Every structure is written in structure tokens, then in C-alpha cells.
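Chemist: Pasting in a structure now, in C-alpha cells, and then I'll have a few things to ask.
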Amino acid sequence: MEVIHVILGKANPERMNGVNRVVHEMASNQVRLGYKVEVWGITANPVHDYPPRPFTTRLFKASRNPFGLDPSLKRALDKRKNHIVVHLHGAFLPVFYSLSAFLQKKQIPFILTPHSTYNRVMMQKNPLRKKIYFHLFERKLLDRMAAVHLLGKTEWEGLGDIYNNSKSVLIPYGFTPSQRTLSAVKPAVFTAAYCGRIAIYPKGLDIMLEGFRQFHQRFPQSQLIIIGDGKERKLLEQQVNEYGLSNAIVFTGSLFGEEKVAALERSHVFVHPSRTDGLPATIVEAASLGLPCIVSAATNTDEYIARYNAGYAMPELSAAAFAEGLEDQYKRMMEYHQLPLLQTNALHMINEVFNWEQILQQFNNIYTSAFYHKPIAASIGISQLQTRMAV
């Protein structure tokens, strides 16, 4: 049995597409652990113009018709039937509707990862259009699949609103932590860092800004570093100026590799108060560097942060709750000197919750059940997941 990951694009981690990065990381670790996988991309530019990677990549031409399928993709899948399970990445994509019909016709099992598209906030974006599309197309795709892989509680609840099923499985993505020594040297000024796309509403950056303003009034020896870029950067910078915080908030622009890691390591705490998300890789990356994290429920990491005492899980999505989180972490680090404890807790969380070997074994159980047309629920204890999510 082989697994074929199908995405829109090329799984190029050098691009800012989060799905690309996740699929690249997942496939790389599957190969490392001995699983047979390939990544197939549907793209307008089917040219192999990316760096070497450890897995086989095949590219197929995207059609101008959003429902159109490249005939060579059909032939490639037909040739491999009886030997593969297909893993689709993305939702509300017309080409995947057509692909699901073809896979069903050829009796090729497949599973779907929607990458947060089904959560409640995302479903309210163009709601009428999505409701019509779901009724005509997306529901049929879900009926055809063997399982839908969800990253967290927000997706579970969002999908449950529109599609009752027993095929949902809840598994976080893994992470490969670096072997670098944790930095114990921090600036004298308490520093919080955000890293991600500058999209004010979905990422909760208005909440972050107002919450930091409240915190900074009480603890002026503090600063916020914003790593990333986006169309709304100028608007956010304008709001910073209006708040009179231009001396306390630093915009670095997009940083990559060692530059990004260095900026994070110089910080005391990582912050991510999203309104809507899947499972942000930046939170996991920050925790792997020993940074405690202040997160909202929408990041689908709040339960882990709380369970491992690795930061602060916001009890509600508000500026006040964010400011309370900053104060909590400030006192623990600057007054009670608990930075080493928080660093240890963050690493403990990474090693237990986001362990690729364990996570990929769970995925392999799903793939195997789909391949042999066995009920997915029995193979992964879906009743236990339902009970946990209902708590």
C-alpha cells in the first residue's frame, strides 16, 4: 500500500502556503519512517522548480475549468489503483469534487484533510455561496470519502454543524524539533512575539494590539515583536501609531530560517490569539524553542498548552483575556523566575503531543482501514474522541 498526497500546488515549503509546508513536512517524515508516499500536485505551472526533497513529486496541469481534471492524472491514478490510498488536502475545491467522483468510480479509497476550512468562522465567510456549494458538491465528496481528518475541536464542531458522520478523526500534526540548546538569555525588557500572516480579523491581531496596549500601560518595560507580512500591515502599523505604541511594537517583516529562529529565541513568550485557524505550525515551532505560548481556543492548541502548563490558554477571545495572559506570563518569568520550568514544559508537550512517529502510526491505521474498506471508527477509537470532544 502506498499513500498519494494530492494538493493544489507543489508542496513547496519555501512558499507561504501553510498547506504546502504541512504536506512537505508530513511526507518527509513518512519517508524517514519507512512509509511509501508520494506527493502529487495540481498546478498551473507543472515545472519541477523546487529544491530536492526526500519524496517523489508528480505535477499535473490545472484546468481552466475549476472542475476539470488533467487526463494524465486520471491515467496515473487508474494505473496505480488497488495499490494506493489517496490523501486530499483542502476543501471547497471544485477539482477535488471531480477527483472524488473519479476515485469512487475506480474504487480507490481516499481521505480528506480540510485544513481548518470547516470551522465555524471560515464557514461564515461567503456563507450563502458555501451553503449552496456544500449542498450541490461538498456533501457528495464527504459521502464518498473513507475518513475526514480534523486538526482540532473548532473543526470538529464546525463540521458537526453541517455534516453528521462517523468518519471524523482527530489528530494533530507532528513536528520535528531542532537539537539546538535552548536560549536562557533574554532581554531585560519583557518581549512577546507574534509570527504569521498579517491578517487582522482571522488572526485576532486587533485583540492582540488592544490587549498589549492594556498590558503595556501597567508594565511599560515590555515590547511586542510582529514577524510576518500581509496586505493589512500598513493598517496595523497605523493602529499602532494611533495607540502611541510605535516605540513598543516592532514590525520585522517576513523572516525565515535562522533569522526567524533568532527573533523568537530573543522573546519571552509567543502569542497567537486567532479567531480562526487549523493548528498553526508557528505555535509548535515556538514551543520547540522553549517559548511558552499565549493562545486562543481557535488555534486548537489551547488544551495542550493548559495540560502541560506551557503558557496561557485564553478563556475567552478578548483583549482583556490576552492582557491577562501577558501579565500571567510576565509575573511567572520576571518575578517568580519560572522561565526554566516553562521551557521544560513546552518541550515536554512537543515530545509527547507532536511526536511524528506516534502520529504517523495513527495515520497509517486510517490508511490501512481505508485500503481494506474497514470501518475507520473502529480502528481509531472514534467513540473515545467523541467523548473527549464533548467534555
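Residues in the C-alpha cells are numbered from 1 in each chain, the chains being A, B, ... in the order shown, and ligands are numbered from 1 in the order shown.
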Each residue of range 45-88 of chain A with at least one atom at most 6 Å from range 97-120 of chain A should appear once, together with its nearest atom pair and the corresponding distance in Å (one decimal); atoms considered: only C-alpha atoms; ordering: chain, then increasing residue number; output as JSON lines.
Modeler:
{"residue": "A:Phe67", "atom": "CA", "partner": "A:Ser98", "partner_atom": "CA", "distance": 5.9}
{"residue": "A:Lys81", "atom": "CA", "partner": "A:Ile108", "partner_atom": "CA", "distance": 6.0}
{"residue": "A:Val85", "atom": "CA", "partner": "A:Pro109", "partner_atom": "CA", "distance": 5.3}
{"residue": "A:Val86", "atom": "CA", "partner": "A:Phe110", "partner_atom": "CA", "distance": 4.5}
{"residue": "A:His87", "atom": "CA", "partner": "A:Ile111", "partner_atom": "CA", "distance": 5.0}
{"residue": "A:Leu88", "atom": "CA", "partner": "A:Leu112", "partner_atom": "CA", "distance": 4.8}
Chemist: Name the residues in contact with Gln30 in chain A at a cut-off of 10 Å, using only C-alpha atoms, excluding same-chain residues fewer than 6 positions from it; report them as a PyMOL selection string.
Modeler: chain A and resi 3+24+36-38+54-55+356-357+360-361+363-364
Chemist: Select from range 45-97 of chain A everything DSSP, run on the backbone, classes as helix (DSSP H, G or I), then give the selection as a list in words.
Modeler: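 Of range 45-97 of chain A, only Pro71, Ser72, Leu73, Lys74, Arg75, Ala76, Leu77, Asp78, Lys79, Arg80, Pro94, Val95, Phe96 and Tyr97 of chain A fall in helix (DSSP H, G or I).
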Chemist: For range 122-241 of chain A against range 267-281 of chain A, with a cut-off of 9 Å and counting only C-alpha atoms, what is the closest atom pair and its distance in Å to one decimal for every residue that makes the cut, ordered by chain and number, as a tab-separated table?
Modeler:
residue	atom	partner	partner_atom	distance
A:Met122	CA	A:Thr276	CA	6.9
A:Leu150	CA	A:Gly278	CA	8.5
A:Leu151	CA	A:Gly278	CA	6.1
A:Gly152	CA	A:Gly278	CA	7.1
A:Thr154	CA	A:Gly278	CA	8.2
A:Glu155	CA	A:Gly278	CA	7.6
A:Pro172	CA	A:Leu279	CA	7.4
A:Tyr173	CA	A:Leu279	CA	7.7
A:Phe175	CA	A:Ala281	CA	8.2
A:Lys186	CA	A:Ser267	CA	6.6
A:Pro187	CA	A:Ser267	CA	7.5
A:Phe190	CA	A:His268	CA	6.4
A:Thr191	CA	A:Ser267	CA	4.9
A:Ala192	CA	A:Val269	CA	4.9
A:Ala193	CA	A:Phe270	CA	4.9
A:Tyr194	CA	A:Val271	CA	5.3
A:Cys195	CA	A:His272	CA	8.0
A:Gly196	CA	A:His272	CA	8.7
A:Tyr201	CA	A:Arg275	CA	7.1
A:Pro202	CA	A:Arg275	CA	5.1
A:Lys203	CA	A:Ser274	CA	4.1
A:Gly204	CA	A:Ser274	CA	4.6
A:Leu205	CA	A:Pro273	CA	7.2
A:Ile207	CA	A:Pro273	CA	7.1
A:Met208	CA	A:Pro273	CA	6.6
A:Leu224	CA	A:Ser267	CA	8.9
A:Ile225	CA	A:Ser267	CA	8.3
Chemist: Which residues of range 315-385 of chain A come within 9 Å of range 216-220 of chain A, and what is each one's closest atom pair and distance in Å (one decimal), counting only C-alpha atoms, sorted by chain and residue number, as JSON lines?
Modeler:
{"residue": "A:Ala323", "atom": "CA", "partner": "A:His216", "partner_atom": "CA", "distance": 8.8}
{"residue": "A:Glu327", "atom": "CA", "partner": "A:Phe219", "partner_atom": "CA", "distance": 8.4}
{"residue": "A:Tyr330", "atom": "CA", "partner": "A:Phe219", "partner_atom": "CA", "distance": 8.9}
Chemist: As an exercise, work out the distance from CA of Gly228 in chain A to CA of Arg197 in chain A in Å and give it to one decimal place.
Modeler: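 So the two atoms, CA of Gly228 in chain A and CA of Arg197 in chain A, lie 5.5 Å apart.
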Chemist: So what do you get for CA of Ala320 in chain A versus CA of Pro292 in chain A, distance-wise?
Modeler: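 Computed distance, CA of Ala320 in chain A to CA of Pro292 in chain A, equals 19.0 Å.
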Chemist: If you measure from CA of Leu347 in chain A to CA of Asn300 in chain A, what distance in Å do you get, rounded to one decimal?
Modeler: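 Going from CA of Leu347 in chain A over to CA of Asn300 in chain A, I get 17.8 Å.
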Chemist: Identify, on the basis of only C-alpha atoms, every residue whose closest approach to Lys231 in chain A does not exceed 9 Å; exclude the query and any residue fewer than 3 positions from it along the same chain; express the result as a PyMOL selection string.
Modeler: chain A and resi 198-199+234-235
Chemist: Could you give me the residues within range 249-365 of chain A that DSSP places in strand (DSSP E or B), as an mmCIF file with N, CA and C atoms, in the first residue's frame?
Modeler:
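The new file part06.cif reads:
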data_model
loop_
_atom_site.group_PDB
_atom_site.id
_atom_site.type_symbol
_atom_site.label_atom_id
_atom_site.label_comp_id
_atom_site.auth_asym_id
_atom_site.auth_seq_id
_atom_site.Cartn_x
_atom_site.Cartn_y
_atom_site.Cartn_z
ATOM 1 N N ILE A 249 6.268 48.493 19.834
ATOM 2 C CA ILE A 249 5.920 47.413 18.910
ATOM 3 C C ILE A 249 6.817 47.500 17.684
ATOM 4 N N VAL A 250 7.451 46.386 17.365
ATOM 5 C CA VAL A 250 8.416 46.324 16.266
ATOM 6 C C VAL A 250 7.875 45.419 15.168
ATOM 7 N N PHE A 251 7.848 45.919 13.941
ATOM 8 C CA PHE A 251 7.497 45.110 12.773
ATOM 9 C C PHE A 251 8.794 44.691 12.081
ATOM 10 N N THR A 252 9.031 43.412 11.974
ATOM 11 C CA THR A 252 10.264 42.926 11.344
ATOM 12 C C THR A 252 10.076 42.601 9.863
ATOM 13 N N GLY A 253 8.818 42.455 9.418
ATOM 14 C CA GLY A 253 8.589 41.894 8.098
ATOM 15 C C GLY A 253 8.770 40.389 8.156
ATOM 16 N N VAL A 269 7.844 35.118 25.308
ATOM 17 C CA VAL A 269 6.596 34.390 25.123
ATOM 18 C C VAL A 269 6.114 34.569 23.683
ATOM 19 N N PHE A 270 5.457 33.541 23.171
ATOM 20 C CA PHE A 270 4.891 33.592 21.823
ATOM 21 C C PHE A 270 3.390 33.771 21.941
ATOM 22 N N VAL A 271 2.799 34.603 21.061
ATOM 23 C CA VAL A 271 1.367 34.900 21.179
ATOM 24 C C VAL A 271 0.657 34.624 19.855
ATOM 25 N N HIS A 272 -0.563 34.083 19.957
ATOM 26 C CA HIS A 272 -1.335 33.763 18.751
ATOM 27 C C HIS A 272 -2.826 33.721 19.105
ATOM 28 N N CYS A 293 3.515 29.774 25.317
ATOM 29 C CA CYS A 293 2.632 30.382 24.311
ATOM 30 C C CYS A 293 1.330 30.849 24.935
ATOM 31 N N ILE A 294 0.863 32.008 24.474
ATOM 32 C CA ILE A 294 -0.458 32.512 24.824
ATOM 33 C C ILE A 294 -1.340 32.304 23.601
ATOM 34 N N VAL A 295 -2.361 31.474 23.722
ATOM 35 C CA VAL A 295 -3.132 31.063 22.545
ATOM 36 C C VAL A 295 -4.626 31.125 22.823
ATOM 37 N N GLY A 311 2.297 27.700 29.082
ATOM 38 C CA GLY A 311 1.904 29.031 28.652
ATOM 39 C C GLY A 311 0.554 29.392 29.248
ATOM 40 N N TYR A 312 -0.279 30.010 28.424
ATOM 41 C CA TYR A 312 -1.575 30.504 28.910
ATOM 42 C C TYR A 312 -2.632 30.284 27.830
ATOM 43 N N ALA A 313 -3.687 29.565 28.196
ATOM 44 C CA ALA A 313 -4.816 29.341 27.287
ATOM 45 C C ALA A 313 -5.876 30.378 27.586
#
